[in-house]
file data_19.txt (compact mmCIF, C-alpha atoms)
# COMPACT_ATOMS: atom_id res chain seq x y z
CA MET S 191 0.00 0.00 0.00
CA LYS S 192 1.43 3.38 -1.02
CA ALA S 193 2.17 5.72 1.91
CA ALA S 194 0.28 9.01 2.08
CA THR S 195 2.09 12.02 0.66
CA ARG S 196 3.58 14.05 3.49
CA VAL S 197 2.89 17.76 2.98
CA GLY S 198 4.23 20.56 5.16
CA VAL S 199 3.06 24.17 5.20
CA PHE S 200 5.46 26.87 6.31
CA GLY S 201 5.33 30.54 7.29
CA LEU S 202 4.31 33.17 9.82
CA LEU S 203 0.98 31.44 10.29
CA GLY S 204 -1.16 31.58 13.42
CA SER S 205 0.65 34.72 14.55
CA GLY S 206 -2.30 37.10 14.39
CA ASN S 207 -2.13 38.18 10.74
CA LEU S 208 -5.47 37.40 9.09
CA GLY S 209 -4.08 37.59 5.54
CA ASN S 210 -1.41 34.98 6.22
CA ASP S 211 -3.94 32.63 7.79
CA GLY S 212 -6.33 33.22 4.89
CA SER S 213 -3.63 32.07 2.46
CA LEU S 214 -3.16 28.93 4.56
CA GLU S 215 -6.91 28.32 4.58
CA ALA S 216 -6.97 28.52 0.78
CA VAL S 217 -4.14 26.00 0.37
CA LEU S 218 -5.66 23.62 2.92
CA GLY S 219 -8.95 23.81 1.03
CA TYR S 220 -7.11 22.82 -2.15
CA LEU S 221 -5.29 19.94 -0.46
CA ARG S 222 -8.44 18.57 1.17
CA ALA S 223 -10.35 18.72 -2.11
CA GLU S 224 -7.68 17.46 -4.49
CA HIS S 225 -5.36 15.41 -2.23
CA PRO S 226 -7.50 14.23 0.70
CA ALA S 227 -5.12 11.40 1.59
CA ALA S 228 -2.18 13.76 2.14
CA ALA S 229 -0.81 14.00 5.70
CA VAL S 230 -0.47 17.73 6.42
CA ASP S 231 1.33 19.56 9.23
CA ALA S 232 2.90 23.01 9.74
CA LEU S 233 6.11 24.72 10.80
CA CYS S 234 4.84 28.15 11.77
CA GLY S 235 4.87 31.17 14.04
CA GLY S 236 1.78 30.27 16.09
CA PRO S 237 1.46 26.46 16.24
CA GLU S 238 -1.23 26.38 18.93
CA ALA S 239 -3.47 28.75 16.94
CA VAL S 240 -2.95 26.81 13.70
CA THR S 241 -3.79 23.48 15.33
CA THR S 242 -6.85 24.90 17.06
CA ARG S 243 -8.28 26.58 14.00
CA PHE S 244 -7.23 24.28 11.16
CA GLY S 245 -6.94 20.92 12.91
CA ILE S 246 -3.42 20.05 11.73
CA PRO S 247 -0.33 19.27 13.82
CA ALA S 248 2.04 22.24 14.04
CA THR S 249 5.58 22.91 15.23
CA ARG S 250 7.00 26.24 16.41
CA LEU S 251 9.07 27.95 13.71
CA HIS S 252 11.86 29.08 16.05
CA TRP S 253 13.67 27.26 18.86
CA TYR S 254 14.12 30.53 20.77
CA ARG S 255 10.73 31.68 22.05
CA GLY S 256 11.80 35.33 22.25
CA GLU S 257 12.65 35.51 18.54
CA TYR S 258 10.44 38.54 17.86
CA ARG S 259 11.36 40.47 20.99
CA THR S 260 14.20 42.98 20.82
CA ALA S 261 17.27 41.49 22.49
CA SER S 262 19.23 44.06 24.53
CA ARG S 263 20.78 42.04 27.37
CA ALA S 264 23.78 39.81 26.77
CA GLY S 265 21.87 36.66 27.75
CA ALA S 266 19.02 37.38 25.35
CA ILE S 267 21.42 38.20 22.52
CA ALA S 268 23.32 34.95 23.13
CA SER S 269 20.08 32.95 23.24
CA LYS S 270 18.87 34.49 20.01
CA GLY S 271 22.21 33.72 18.33
CA LEU S 272 22.13 30.13 19.60
CA GLY S 273 18.58 29.86 18.31
CA LYS S 274 19.73 30.72 14.79
CA LEU S 275 22.16 27.81 14.90
CA VAL S 276 19.67 25.37 16.43
CA ASP S 277 17.08 26.34 13.80
CA VAL S 278 19.42 25.09 11.06
CA PHE S 279 19.05 21.56 12.38
CA ARG S 280 15.41 21.88 13.47
CA THR S 281 14.35 23.14 10.03
CA ALA S 282 16.31 20.43 8.21
CA ALA S 283 14.85 17.70 10.43
CA TRP S 284 11.31 18.96 9.79
CA VAL S 285 11.84 19.28 6.03
CA ARG S 286 13.29 15.74 5.85
CA ARG S 287 9.99 14.30 7.09
CA HIS S 288 8.07 15.66 4.08
CA ASP S 289 7.67 14.95 0.39
CA VAL S 290 6.43 18.47 -0.32
CA VAL S 291 6.54 21.77 1.58
CA ILE S 292 4.25 24.64 0.55
CA VAL S 293 4.74 28.28 1.47
CA PRO S 294 1.16 29.53 1.00
CA GLY S 295 1.04 33.05 -0.42
CA MET S 296 2.09 35.97 1.82
CA GLY S 297 4.69 38.58 0.97
CA VAL S 298 7.60 36.27 1.76
CA LEU S 299 9.87 37.73 -0.96
CA GLU S 300 9.40 41.39 -0.11
CA ALA S 301 10.38 43.95 2.53
CA THR S 302 7.59 46.48 2.15
CA LEU S 303 7.24 46.51 5.96
CA PRO S 304 10.14 46.69 8.47
CA LEU S 305 12.15 43.47 8.24
CA ARG S 306 15.52 42.23 9.49
CA PRO S 307 17.54 39.75 7.38
CA TRP S 308 18.10 37.40 10.33
CA GLY S 309 14.34 37.17 10.91
CA PHE S 310 11.96 35.54 8.45
CA PRO S 311 14.29 35.87 5.38
CA TYR S 312 16.82 33.68 7.21
CA SER S 313 14.11 31.14 8.12
CA LEU S 314 12.90 30.98 4.53
CA PHE S 315 16.44 30.45 3.28
CA LEU S 316 16.92 27.56 5.74
CA LEU S 317 13.71 25.99 4.45
CA CYS S 318 14.59 26.25 0.76
CA ALA S 319 18.22 25.18 1.25
CA SER S 320 17.10 22.16 3.31
CA GLY S 321 14.61 21.21 0.62
CA ARG S 322 17.26 21.30 -2.07
CA LEU S 323 19.79 19.32 0.00
CA LEU S 324 17.32 16.70 1.22
CA GLY S 325 15.28 16.21 -1.97
CA THR S 326 12.02 17.68 -0.64
CA ARG S 327 10.08 19.81 -3.11
CA VAL S 328 9.59 23.34 -1.71
CA ALA S 329 6.92 25.45 -3.42
CA LEU S 330 6.45 29.21 -3.08
CA VAL S 331 2.79 29.42 -4.10
CA GLY S 332 1.18 32.73 -5.07
CA VAL S 333 3.72 34.75 -3.12
CA GLY S 334 4.41 38.47 -3.16
CA ALA S 335 7.83 39.91 -4.00
CA ALA S 336 9.42 43.32 -4.32
CA THR S 337 12.89 44.62 -5.11
CA ILE S 338 14.82 44.83 -1.82
CA GLY S 339 17.43 47.49 -1.05
CA ASN S 340 19.08 45.92 2.00
CA ARG S 341 21.87 43.70 0.63
CA PRO S 342 21.81 40.83 3.19
CA THR S 343 18.00 40.60 2.99
CA ARG S 344 18.11 40.72 -0.82
CA ALA S 345 20.71 37.93 -0.94
CA LEU S 346 18.70 35.64 1.36
CA VAL S 347 15.49 36.24 -0.58
CA ARG S 348 17.20 35.71 -3.94
CA TRP S 349 18.76 32.41 -2.88
CA SER S 350 15.53 31.21 -1.30
CA ALA S 351 13.71 31.77 -4.59
CA ARG S 352 16.47 30.09 -6.60
CA LEU S 353 16.48 27.03 -4.37
CA ALA S 354 12.69 26.52 -4.43
CA ALA S 355 11.38 23.77 -6.69
CA TYR S 356 8.29 25.75 -7.70
CA ARG S 357 7.40 29.44 -7.74
CA SER S 358 4.27 31.37 -8.62
CA TYR S 359 3.38 34.98 -7.84
CA ARG S 360 0.28 36.95 -6.90
CA ASP S 361 0.99 39.73 -9.43
CA ALA S 362 3.22 40.43 -12.42
CA GLN S 363 5.33 43.00 -10.60
CA SER S 364 6.37 40.35 -8.06
CA ARG S 365 7.73 38.19 -10.86
CA ASP S 366 9.42 41.25 -12.38
CA ALA S 367 11.03 42.05 -9.03
CA MET S 368 12.51 38.58 -8.71
CA ARG S 369 13.82 38.78 -12.26
CA ALA S 370 15.43 42.13 -11.41
CA MET S 371 17.09 40.51 -8.39
CA GLY S 372 18.71 37.83 -10.54
CA VAL S 373 16.23 34.93 -10.45
CA ASP S 374 15.33 33.09 -13.67
CA THR S 375 11.55 33.51 -13.80
CA SER S 376 11.02 32.25 -17.34
CA ARG S 377 8.98 29.27 -16.10
CA ASP S 378 7.18 31.06 -13.26
CA GLU S 379 3.49 31.96 -13.56
CA VAL S 380 1.31 34.74 -12.15
CA TYR S 381 -2.10 34.07 -10.60
CA PRO S 382 -4.49 36.08 -8.40
CA ASP S 383 -3.89 36.06 -4.66
CA LEU S 384 -4.86 32.75 -3.03
CA ALA S 385 -7.49 34.50 -0.90
CA PHE S 386 -9.63 34.96 -4.00
CA SER S 387 -10.37 31.21 -3.79
CA LEU S 388 -12.02 31.50 -0.37
CA PRO S 389 -15.84 31.33 -0.04
CA THR S 390 -17.66 34.65 -0.39
CA PRO S 391 -20.52 35.57 1.96
CA PRO S 392 -23.81 36.87 0.52
CA THR S 393 -23.84 40.61 -0.01
CA SER S 394 -26.53 43.07 1.05
CA ALA S 395 -28.50 44.90 -1.61
CA PRO S 396 -27.42 48.57 -1.69
CA SER S 397 -30.00 50.89 -0.18
CA ASP S 398 -31.12 54.28 -1.47
CA SER S 399 -29.86 56.08 1.63
CA PRO S 400 -26.14 56.26 2.57
CA GLY S 401 -25.12 53.18 4.55
CA PRO S 402 -22.15 52.07 6.65
CA VAL S 403 -18.54 52.53 5.63
CA CYS S 404 -15.84 50.05 6.63
CA VAL S 405 -12.44 51.60 7.38
CA GLY S 406 -9.61 49.09 7.56
CA VAL S 407 -6.70 50.34 9.67
CA MET S 408 -3.08 49.34 10.26
CA ASP S 409 -0.33 50.04 12.75
CA PHE S 410 1.54 51.65 9.88
CA HIS S 411 5.04 53.12 10.27
CA GLY S 412 6.24 52.93 6.68
CA GLY S 413 8.46 50.30 5.09
CA ASP S 414 11.89 48.84 5.60
CA ASP S 415 13.56 51.92 4.08
CA ASP S 416 11.53 54.37 6.22
CA ARG S 417 12.94 53.58 9.66
CA ALA S 418 14.39 57.08 10.14
CA ARG S 419 11.00 58.73 9.82
CA ALA S 420 8.75 55.90 11.00
CA GLU S 421 7.04 57.94 13.74
CA GLU S 422 6.43 60.88 11.42
CA ILE S 423 4.79 58.56 8.87
CA HIS S 424 2.67 56.92 11.57
CA ARG S 425 1.48 60.24 12.98
CA ARG S 426 0.50 61.56 9.56
CA TYR S 427 -1.36 58.35 8.71
CA LEU S 428 -3.20 58.27 12.04
CA ASP S 429 -4.11 61.97 12.04
CA GLY S 430 -5.37 61.78 8.47
CA THR S 431 -7.46 58.69 9.20
CA ILE S 432 -9.00 60.34 12.26
CA ARG S 433 -9.91 63.42 10.22
CA PHE S 434 -11.46 61.23 7.52
CA VAL S 435 -13.55 59.22 9.99
CA ARG S 436 -14.66 62.40 11.74
CA ALA S 437 -15.83 63.84 8.40
CA LEU S 438 -17.93 60.73 7.74
CA VAL S 439 -19.50 60.98 11.20
CA GLU S 440 -20.39 64.63 10.56
CA GLU S 441 -22.39 63.34 7.57
CA ASP S 442 -24.16 60.81 9.87
CA ARG S 443 -22.42 57.83 8.24
CA PRO S 444 -21.90 54.78 10.47
CA VAL S 445 -18.24 53.74 10.42
CA ARG S 446 -16.99 50.24 11.18
CA LEU S 447 -13.28 49.97 12.00
CA LEU S 448 -11.55 46.78 10.85
CA THR S 449 -8.12 45.31 11.53
CA GLY S 450 -5.98 42.73 9.78
CA ASP S 451 -3.45 41.94 12.51
CA GLU S 452 -3.47 41.94 16.30
CA CYS S 453 -1.00 44.85 16.32
CA ASP S 454 -3.63 47.13 14.74
CA ALA S 455 -5.65 47.35 17.97
CA SER S 456 -3.78 50.46 19.13
CA VAL S 457 -4.86 52.36 16.00
CA VAL S 458 -8.48 51.38 16.55
CA ALA S 459 -8.30 52.59 20.14
CA ALA S 460 -6.77 55.91 19.09
CA ILE S 461 -9.51 56.55 16.51
CA LEU S 462 -12.33 55.62 18.88
CA ALA S 463 -10.93 57.96 21.52
CA ALA S 464 -10.34 60.85 19.13
CA VAL S 465 -13.70 60.74 17.31
CA ASP S 466 -15.79 59.68 20.32
CA SER S 467 -19.06 58.97 18.51
CA PRO S 468 -21.60 56.14 18.78
CA LEU S 469 -21.53 56.03 14.98
CA VAL S 470 -17.99 54.63 15.10
CA THR S 471 -17.67 51.02 16.20
CA ALA S 472 -14.95 48.40 15.95
CA ALA S 473 -15.21 44.82 14.74
CA GLU S 474 -13.11 42.00 16.15
CA PRO S 475 -12.47 39.80 13.11
CA SER S 476 -10.63 36.52 13.59
CA SER S 477 -10.49 35.49 9.93
CA LEU S 478 -10.81 36.81 6.40
CA ALA S 479 -14.33 35.36 6.42
CA ASP S 480 -15.19 37.70 9.30
CA LEU S 481 -13.75 40.65 7.37
CA MET S 482 -15.73 39.73 4.26
CA LYS S 483 -18.97 39.55 6.24
CA GLU S 484 -18.39 43.07 7.54
CA MET S 485 -17.55 44.41 4.10
CA ALA S 486 -20.42 42.63 2.36
CA ALA S 487 -22.81 44.63 4.56
CA ALA S 488 -21.13 47.98 3.82
CA ASP S 489 -21.77 50.55 1.09
CA SER S 490 -18.05 51.06 0.59
CA VAL S 491 -14.63 50.40 2.11
CA VAL S 492 -11.45 52.38 2.72
CA ALA S 493 -8.54 50.13 3.70
CA ILE S 494 -4.78 49.95 3.92
CA ARG S 495 -3.88 46.30 4.55
CA TYR S 496 -3.46 44.24 1.38
CA HIS S 497 -5.81 41.44 2.41
CA ASN S 498 -8.42 43.92 3.64
CA LEU S 499 -8.45 45.23 0.09
CA ILE S 500 -8.82 41.69 -1.25
CA CYS S 501 -11.77 41.03 1.06
CA ALA S 502 -13.57 44.13 -0.16
CA LEU S 503 -12.83 43.37 -3.81
CA LYS S 504 -13.93 39.75 -3.42
CA THR S 505 -17.29 40.76 -1.92
CA GLY S 506 -17.79 43.23 -4.78
CA THR S 507 -17.81 46.22 -2.44
CA PRO S 508 -16.29 49.41 -3.90
CA VAL S 509 -13.02 50.10 -2.09
CA LEU S 510 -10.52 52.92 -1.89
CA ALA S 511 -6.94 51.78 -1.15
CA LEU S 512 -4.59 53.59 1.19
CA SER S 513 -1.58 52.31 -0.68
CA TYR S 514 1.70 51.72 1.16
CA ALA S 515 3.34 49.53 -1.52
CA ALA S 516 3.16 48.95 -5.25
CA LYS S 517 1.38 45.63 -4.65
CA SER S 518 -1.76 47.52 -3.59
CA ASP S 519 -1.70 49.68 -6.72
CA ALA S 520 -1.25 46.58 -8.90
CA LEU S 521 -4.12 44.75 -7.18
CA MET S 522 -6.49 47.69 -7.60
CA ALA S 523 -5.55 48.12 -11.26
CA ASP S 524 -6.07 44.41 -11.96
CA MET S 525 -9.56 44.62 -10.45
CA GLY S 526 -10.54 47.76 -12.38
CA LEU S 527 -10.22 50.26 -9.51
CA GLY S 528 -6.81 51.69 -10.28
CA ALA S 529 -8.10 55.26 -10.01
CA TYR S 530 -8.99 54.79 -6.34
CA CYS S 531 -5.60 54.67 -4.62
CA HIS S 532 -4.28 57.18 -2.08
CA PRO S 533 -0.68 57.24 -0.73
CA ALA S 534 -0.65 56.01 2.88
CA ARG S 535 2.61 57.80 3.67
CA GLU S 536 1.18 61.16 2.58
CA LEU S 537 -2.42 60.81 3.65
CA ASP S 538 -4.42 63.98 2.95
CA ALA S 539 -7.86 63.75 4.56
CA ASP S 540 -9.44 66.36 2.27
CA ARG S 541 -8.16 64.69 -0.89
CA LEU S 542 -9.12 61.27 0.48
CA LEU S 543 -12.67 62.48 1.09
CA GLU S 544 -12.89 63.74 -2.50
CA GLN S 545 -11.74 60.37 -3.85
CA PHE S 546 -14.16 58.57 -1.55
CA ARG S 547 -17.11 60.60 -2.82
CA ALA S 548 -16.06 59.92 -6.41
CA LEU S 549 -15.91 56.21 -5.59
CA GLU S 550 -19.42 56.20 -4.16
CA ARG S 551 -20.84 58.06 -7.16
CA ARG S 552 -19.71 55.17 -9.37
CA SER S 553 -20.76 52.44 -6.93
CA ALA S 554 -23.18 50.56 -9.19
CA GLU S 555 -20.77 50.56 -12.12
CA LEU S 556 -17.85 49.41 -9.95
CA ARG S 557 -19.86 46.59 -8.41
CA GLN S 558 -20.52 45.23 -11.91
CA THR S 559 -16.84 45.51 -12.79
CA LEU S 560 -15.86 43.63 -9.64
CA SER S 561 -18.36 40.87 -10.36
CA GLU S 562 -16.71 40.26 -13.73
CA ARG S 563 -13.15 40.46 -12.41
CA ASN S 564 -13.92 38.05 -9.56
CA LEU S 565 -15.16 35.42 -11.99
CA ALA S 566 -11.93 35.74 -13.98
CA ALA S 567 -9.85 35.48 -10.79
CA ALA S 568 -11.63 32.29 -9.73
CA GLU S 569 -10.90 30.69 -13.11
CA ARG S 570 -7.22 31.62 -12.94
CA LEU S 571 -6.88 30.22 -9.42
CA GLN S 572 -8.38 26.91 -10.53
CA GLN S 573 -5.61 26.79 -13.12
CA GLN S 574 -3.08 27.56 -10.35
CA PHE S 575 -4.21 24.54 -8.37
CA THR S 576 -4.16 22.33 -11.48
CA ASP S 577 -0.60 23.43 -12.23
CA LEU S 578 0.39 22.94 -8.60
CA THR S 579 -0.80 19.34 -8.65
CA ALA S 580 1.20 18.64 -11.80
CA ALA S 581 4.35 20.17 -10.26
CA LEU S 582 4.17 18.83 -6.71
CA PHE S 583 2.26 15.56 -6.87
CA PRO S 584 3.82 13.64 -9.77
CA ALA S 585 2.99 10.03 -10.59
CA ALA S 586 4.32 7.39 -8.21
CA ASP S 587 7.27 6.51 -10.42
CA HIS S 588 8.55 10.10 -10.47
CA THR S 589 11.30 11.19 -8.11
CA HIS S 590 11.97 14.40 -6.28
CA ALA S 591 14.45 15.33 -8.97
CA HIS S 592 11.64 15.84 -11.47
CA ALA S 593 10.49 18.91 -9.55
CA THR S 594 13.89 20.63 -9.58
CA ARG S 595 13.64 23.59 -11.91
CA GLU S 596 16.73 25.66 -11.34
CA ALA S 597 20.23 24.82 -10.20
CA PRO S 598 21.61 26.94 -7.38
call {"tool": "encode", "arguments": {"input": "data_19.txt", "output": "structure tokens"}}
result
Amino acid sequence: MKAATRVGVFGLLGSGNLGNDGSLEAVLGYLRAEHPAAAVDALCGGPEAVTTRFGIPATRLHWYRGEYRTASRAGAIASKGLGKLVDVFRTAAWVRRHDVVIVPGMGVLEATLPLRPWGFPYSLFLLCASGRLLGTRVALVGVGAATIGNRPTRALVRWSARLAAYRSYRDAQSRDAMRAMGVDTSRDEVYPDLAFSLPTPPTSAPSDSPGPVCVGVMDFHGGDDDRARAEEIHRRYLDGTIRFVRALVEEDRPVRLLTGDECDASVVAAILAAVDSPLVTAAEPSSLADLMKEMAAADSVVAIRYHNLICALKTGTPVLALSYAAKSDALMADMGLGAYCHPARELDADRLLEQFRALERRSAELRQTLSERNLAAAERLQQQFTDLTAALFPAADHTHAHATREAP
């Protein structure tokens, strides 16, 4: 009797980011539908949360439990350094137990938010190098990428991509970025973000009178290259968002504040305190499904996080993007809303309000556009999963070598 295929999933999963967990949910849905006999487990940031929610065994990504805390004392620095060495062997041992490892979506090849090379880029490199050395196929599926300025981070990301057995991207600019960083992308494909394959809740019929507006927020301090002015960027973003929400309240519009990560709670609290109106309430979403339910009931959405934008687009709700990276602009353009982007680093509440009113004037037209684009996205993602099966689950007489696509 042939043993079940052993599939691992890898990433910052179960750590409080709804977009990351949504990507995992999409890949698990594919595996359960197309490869129900596969034995699946995870190496991830929040193993307890992943096991509780998704019902799969999970192992902690890092040996050192304080990995994401700043190390200032000598003991903590030494422990973190030791952890980096121990993780070499822990990662290799975990990879060895699998036939296939999937990195489900996420921006694993980018540094559009603050990132240190010895953090997740190092972990991803260990994964991909272990896969190549041990003959386990590692697949970067529907991932995001961006050209990286920091040289150590860029090197780790480039080698991770080169060592992977399979790569696909969530937009064309991600593939272009990897090509610019020296990766041969001639056989790599582009598909919509994995979250577009998740179930969509029923939407409410638009009413004649102005209805609720969802405002997705983020604990935003700029990107990896903005560290010197991170607080200035955050203050401008927060002040502008408060002014925008206050303007909506003055027009008697109910506002529903949404998050995409646990760290966003401080921004919600600041807005609630500053506006101080019963018209402004906060949701407590625990999944992309929760976000989509909120957005499906809204007239329109203004959001900054990438997967908040996807949730609005997927429900067919007109959305205005507070764009902090080119990936948001590309997503909005692909879905026919390229005119409705506003720079998050230079948020201007008056200009944002003008764009928002223009968005709402075209609501009916934009909902039709989104309906058409969502159908196309669903078809492309079905092709993604078909291609993934061909690449990662070859016939029994194939070997791991058949999945190797690029020599290091």
call {"tool": "residues_around", "arguments": {"input": "data_19.txt", "residues": "Met368 (chain S)", "least_positions_apart": "3", "cutoff": "10 Å", "atoms": "only C-alpha atoms", "output": "PyMOL selection string"}}
result
chain S and resi 299-300+334-338+344+347-348+351-352+359+363-365+371-375
call {"tool": "atom_distance", "arguments": {"input": "data_19.txt", "atom1": "CA of Leu565 (chain S)", "atom2": "CA of Asn498 (chain S)"}}
result
19.0 Å
call {"tool": "residues_around", "arguments": {"input": "data_19.txt", "residues": "region 574-580 of chain S", "least_positions_apart": "6", "cutoff": "9 Å", "atoms": "only C-alpha atoms", "output": "ChimeraX atom specification"}}
result
/S:217,220,224-225,329,331-332,356,358,379-382
call {"tool": "closest_residue", "arguments": {"input": "data_19.txt", "among": "S:Leu303, S:Ala367, S:Val285, S:Val290", "to": "Ser320 (chain S)", "atoms": "all atoms listed in the file"}}
result
S:Val285
call {"tool": "closest_residue", "arguments": {"input": "data_19.txt", "among": "S:Arg222, S:Arg547, S:Arg357, S:Arg250", "to": "Val491 (chain S)", "atoms": "only C-alpha atoms"}}
result
S:Arg547
call {"tool": "closest_atom_pairs", "arguments": {"input": "data_19.txt", "of": "region 499-531 of chain S", "to": "region 461-485 of chain S", "cutoff": "9 Å", "atoms": "all atoms listed in the file", "output": "CSV"}}
result
residue,atom,partner,partner_atom,distance
S:Cys501,CA,S:Met482,CA,5.3
S:Ala502,CA,S:Met485,CA,5.8
S:Lys504,CA,S:Met482,CA,7.9
S:Thr505,CA,S:Met482,CA,6.5
S:Gly506,CA,S:Met485,CA,9.0
S:Thr507,CA,S:Met485,CA,6.8
call {"tool": "residues_around", "arguments": {"input": "data_19.txt", "residues": "Gly273 (chain S)", "least_positions_apart": "5", "cutoff": "8 Å", "atoms": "all atoms listed in the file", "output": "PyMOL selection string"}}
result
chain S and resi 252-254
call {"tool": "atom_distance", "arguments": {"input": "data_19.txt", "atom1": "CA of Leu560 (chain S)", "atom2": "CA of Thr390 (chain S)"}}
result
13.0 Å
call {"tool": "closest_residue", "arguments": {"input": "data_19.txt", "among": "S:Pro247, S:Gly201, S:Gly526, S:Pro533", "to": "Leu317 (chain S)", "atoms": "all atoms listed in the file"}}
result
S:Gly201
call {"tool": "residues_near_point", "arguments": {"input": "data_19.txt", "point": "(-23.5, 49.8, -9.3)", "cutoff": "12 Å", "atoms": "all atoms listed in the file", "output": "PyMOL selection string"}}
result
chain S and resi 395-398+489-490+506-508+549-561
call {"tool": "closest_residue", "arguments": {"input": "data_19.txt", "among": "S:Leu512, S:Ala345, S:Val445, S:Val197", "to": "Arg541 (chain S)", "atoms": "only C-alpha atoms"}}
result
S:Leu512
call {"tool": "atom_distance", "arguments": {"input": "data_19.txt", "atom1": "CA of Asp429 (chain S)", "atom2": "CA of Leu543 (chain S)"}}
result
13.9 Å
call {"tool": "closest_residue", "arguments": {"input": "data_19.txt", "among": "S:Asp416, S:Leu510, S:Ala486, S:Phe244", "to": "Leu305 (chain S)", "atoms": "only C-alpha atoms"}}
result
S:Asp416
call {"tool": "build_atoms", "arguments": {"input": "data_19.txt", "residues": "region 498-517 of chain S", "atoms": "N, CA and C atoms", "output": "PDB file, in the frame of the given file"}}
result
ATOM      1  N   ASN S 498      -7.154  43.196   3.477  1.00  0.00           N
ATOM      2  CA  ASN S 498      -8.420  43.920   3.640  1.00  0.00           C
ATOM      3  C   ASN S 498      -8.953  44.361   2.296  1.00  0.00           C
ATOM      4  N   LEU S 499      -8.048  44.841   1.443  1.00  0.00           N
ATOM      5  CA  LEU S 499      -8.450  45.230   0.090  1.00  0.00           C
ATOM      6  C   LEU S 499      -9.018  44.030  -0.659  1.00  0.00           C
ATOM      7  N   ILE S 500      -8.343  42.889  -0.552  1.00  0.00           N
ATOM      8  CA  ILE S 500      -8.820  41.690  -1.250  1.00  0.00           C
ATOM      9  C   ILE S 500     -10.214  41.308  -0.765  1.00  0.00           C
ATOM     10  N   CYS S 501     -10.449  41.382   0.538  1.00  0.00           N
ATOM     11  CA  CYS S 501     -11.770  41.030   1.060  1.00  0.00           C
ATOM     12  C   CYS S 501     -12.858  41.933   0.499  1.00  0.00           C
ATOM     13  N   ALA S 502     -12.588  43.215   0.412  1.00  0.00           N
ATOM     14  CA  ALA S 502     -13.570  44.130  -0.160  1.00  0.00           C
ATOM     15  C   ALA S 502     -13.794  43.826  -1.633  1.00  0.00           C
ATOM     16  N   LEU S 503     -12.715  43.650  -2.372  1.00  0.00           N
ATOM     17  CA  LEU S 503     -12.830  43.370  -3.810  1.00  0.00           C
ATOM     18  C   LEU S 503     -13.592  42.070  -4.041  1.00  0.00           C
ATOM     19  N   LYS S 504     -13.298  41.061  -3.238  1.00  0.00           N
ATOM     20  CA  LYS S 504     -13.930  39.750  -3.420  1.00  0.00           C
ATOM     21  C   LYS S 504     -15.431  39.789  -3.139  1.00  0.00           C
ATOM     22  N   THR S 505     -15.857  40.639  -2.200  1.00  0.00           N
ATOM     23  CA  THR S 505     -17.290  40.760  -1.920  1.00  0.00           C
ATOM     24  C   THR S 505     -17.980  41.699  -2.909  1.00  0.00           C
ATOM     25  N   GLY S 506     -17.208  42.311  -3.801  1.00  0.00           N
ATOM     26  CA  GLY S 506     -17.790  43.230  -4.780  1.00  0.00           C
ATOM     27  C   GLY S 506     -18.137  44.589  -4.212  1.00  0.00           C
ATOM     28  N   THR S 507     -17.535  44.937  -3.069  1.00  0.00           N
ATOM     29  CA  THR S 507     -17.810  46.220  -2.440  1.00  0.00           C
ATOM     30  C   THR S 507     -16.796  47.254  -2.917  1.00  0.00           C
ATOM     31  N   PRO S 508     -17.245  48.387  -3.436  1.00  0.00           N
ATOM     32  CA  PRO S 508     -16.290  49.410  -3.900  1.00  0.00           C
ATOM     33  C   PRO S 508     -15.330  49.801  -2.781  1.00  0.00           C
ATOM     34  N   VAL S 509     -14.037  49.863  -3.108  1.00  0.00           N
ATOM     35  CA  VAL S 509     -13.020  50.100  -2.090  1.00  0.00           C
ATOM     36  C   VAL S 509     -12.004  51.113  -2.572  1.00  0.00           C
ATOM     37  N   LEU S 510     -11.570  51.950  -1.640  1.00  0.00           N
ATOM     38  CA  LEU S 510     -10.520  52.920  -1.890  1.00  0.00           C
ATOM     39  C   LEU S 510      -9.297  52.454  -1.106  1.00  0.00           C
ATOM     40  N   ALA S 511      -8.148  52.324  -1.783  1.00  0.00           N
ATOM     41  CA  ALA S 511      -6.940  51.780  -1.150  1.00  0.00           C
ATOM     42  C   ALA S 511      -6.046  52.891  -0.626  1.00  0.00           C
ATOM     43  N   LEU S 512      -5.693  52.803   0.654  1.00  0.00           N
ATOM     44  CA  LEU S 512      -4.590  53.590   1.190  1.00  0.00           C
ATOM     45  C   LEU S 512      -3.331  52.782   0.899  1.00  0.00           C
ATOM     46  N   SER S 513      -2.644  53.157  -0.147  1.00  0.00           N
ATOM     47  CA  SER S 513      -1.580  52.310  -0.680  1.00  0.00           C
ATOM     48  C   SER S 513      -0.238  52.606  -0.033  1.00  0.00           C
ATOM     49  N   TYR S 514       0.375  51.563   0.563  1.00  0.00           N
ATOM     50  CA  TYR S 514       1.700  51.720   1.160  1.00  0.00           C
ATOM     51  C   TYR S 514       2.782  51.004   0.353  1.00  0.00           C
ATOM     52  N   ALA S 515       2.379  50.261  -0.687  1.00  0.00           N
ATOM     53  CA  ALA S 515       3.340  49.530  -1.520  1.00  0.00           C
ATOM     54  C   ALA S 515       2.737  49.340  -2.900  1.00  0.00           C
ATOM     55  N   ALA S 516       3.617  49.094  -3.861  1.00  0.00           N
ATOM     56  CA  ALA S 516       3.160  48.950  -5.250  1.00  0.00           C
ATOM     57  C   ALA S 516       2.211  47.772  -5.428  1.00  0.00           C
ATOM     58  N   LYS S 517       2.265  46.783  -4.508  1.00  0.00           N
ATOM     59  CA  LYS S 517       1.380  45.630  -4.650  1.00  0.00           C
ATOM     60  C   LYS S 517      -0.088  46.051  -4.542  1.00  0.00           C
TER      61      LYS S 517
END
